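Undergrad: One structure, pasted below without further comment.
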Amino acid sequence: MSYKIVYDSEAEIMSIRFKKDKSVDSDIKGNVVLDYNAKGELVNIDIMKFDMESLMQLPNQSKVRVI
């Protein structure tokens, strides 16, 4: 399984892309948007108001790698 993680620091959105399929349906749960393809499979997750700086200040932040 190939996936892509993108962080937009200006918009504070973390996106995790699981498949290149087109999104045809979405669920919104708080600050999280789940996108699904025509087969109902999860293709993307967007996390709104994601603060990378706060994440990096957590204990064990050495396990987090920003690319």
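Quick note on naming: the chains in the structure tokens go A, B, ... in the order shown, residues restart at 1 in each chain, and ligands are numbered from 1 in order of appearance.
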Which of chain A counts as alpha helix (DSSP H) under DSSP, as a list in words please?

TA: Met52, Glu53, Ser54, Leu55 and Met56 of chain A

Undergrad: Please produce a file of those selected residues containing all heavy atoms, as a short mmCIF file (atom, residue, chain, number, x, y, z; two decimals), in the first residue's frame.

TA:
```
data_model
loop_
_atom_site.label_atom_id
_atom_site.label_comp_id
_atom_site.auth_asym_id
_atom_site.auth_seq_id
_atom_site.Cartn_x
_atom_site.Cartn_y
_atom_site.Cartn_z
N MET A 52 1.58 21.26 13.72
CA MET A 52 2.80 20.46 13.70
C MET A 52 3.75 20.88 14.82
O MET A 52 4.41 20.03 15.42
CB MET A 52 3.49 20.60 12.35
CG MET A 52 4.72 19.74 12.20
SD MET A 52 4.40 17.97 12.25
CE MET A 52 3.77 17.71 10.61
N GLU A 53 3.81 22.16 15.14
CA GLU A 53 4.72 22.62 16.19
C GLU A 53 4.35 22.00 17.54
O GLU A 53 5.23 21.59 18.29
CB GLU A 53 4.71 24.14 16.28
CG GLU A 53 5.43 24.80 15.12
CD GLU A 53 5.48 26.30 15.25
OE1 GLU A 53 5.52 26.81 16.39
OE2 GLU A 53 5.49 26.97 14.21
N SER A 54 3.07 21.93 17.86
CA SER A 54 2.64 21.30 19.11
C SER A 54 2.97 19.82 19.12
O SER A 54 3.37 19.27 20.14
CB SER A 54 1.13 21.49 19.32
OG SER A 54 0.83 22.84 19.51
N LEU A 55 2.82 19.17 17.99
CA LEU A 55 3.15 17.75 17.89
C LEU A 55 4.64 17.52 18.17
O LEU A 55 5.00 16.59 18.88
CB LEU A 55 2.79 17.21 16.51
CG LEU A 55 3.15 15.75 16.25
CD1 LEU A 55 2.33 14.83 17.15
CD2 LEU A 55 2.94 15.40 14.80
N MET A 56 5.47 18.39 17.64
CA MET A 56 6.91 18.23 17.81
C MET A 56 7.36 18.46 19.26
O MET A 56 8.43 18.03 19.66
CB MET A 56 7.67 19.18 16.88
CG MET A 56 7.43 18.88 15.41
SD MET A 56 7.80 17.18 14.92
CE MET A 56 9.56 17.19 15.11
#
```

Undergrad: What's the 10 Å shell around Lys22 (chain A), counting only C-alpha atoms, without same-chain residues fewer than 3 positions away, as a PDB file with C-alpha atoms, in the first residue's frame?

TA:
```
ATOM      1  CA  LYS A  19      -5.283   5.830  -3.014  1.00  0.00           C
ATOM      2  CA  ASP A  25     -18.309  10.800  -0.828  1.00  0.00           C
ATOM      3  CA  ASP A  35     -13.049  10.771   1.697  1.00  0.00           C
ATOM      4  CA  TYR A  36     -14.279   7.595  -0.037  1.00  0.00           C
ATOM      5  CA  ASN A  37     -14.144   6.316  -3.623  1.00  0.00           C
ATOM      6  CA  ALA A  38     -17.067   4.810  -5.586  1.00  0.00           C
ATOM      7  CA  VAL A  43      -8.949   7.228  -0.127  1.00  0.00           C
ATOM      8  CA  ASN A  44      -8.008  10.314   1.911  1.00  0.00           C
TER       9      ASN A  44
END
```

Undergrad: Which residue is closest to Ser26 (chain A)? Choose from A:Lys39, A:Ile13, A:Ile45, A:Ile5 and count only C-alpha atoms.

TA: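 Closest to Ser26 (chain A) of all the choices is A:Ile45.
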
Undergrad: Mind checking which residues fall within 12 Å of Asp51 (chain A), counting only C-alpha atoms, ignoring those fewer than 3 positions away in the same chain, and posting them as number ranges by chain?

TA: A: 7-14, 47-48, 54-58

Undergrad: Please indicate the distance in Å from CA of Val6 (chain A) to CA of Val24 (chain A), rounded to one decimal place.

TA: 20.6 Å

Undergrad: Which is closest to Phe50 (chain A) among A:Lys29, A:Lys4, A:Asp21, A:Ser15, if we use only C-alpha atoms?

TA: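 Ranked by minimum distance to Phe50 (chain A), first place goes to A:Ser15.
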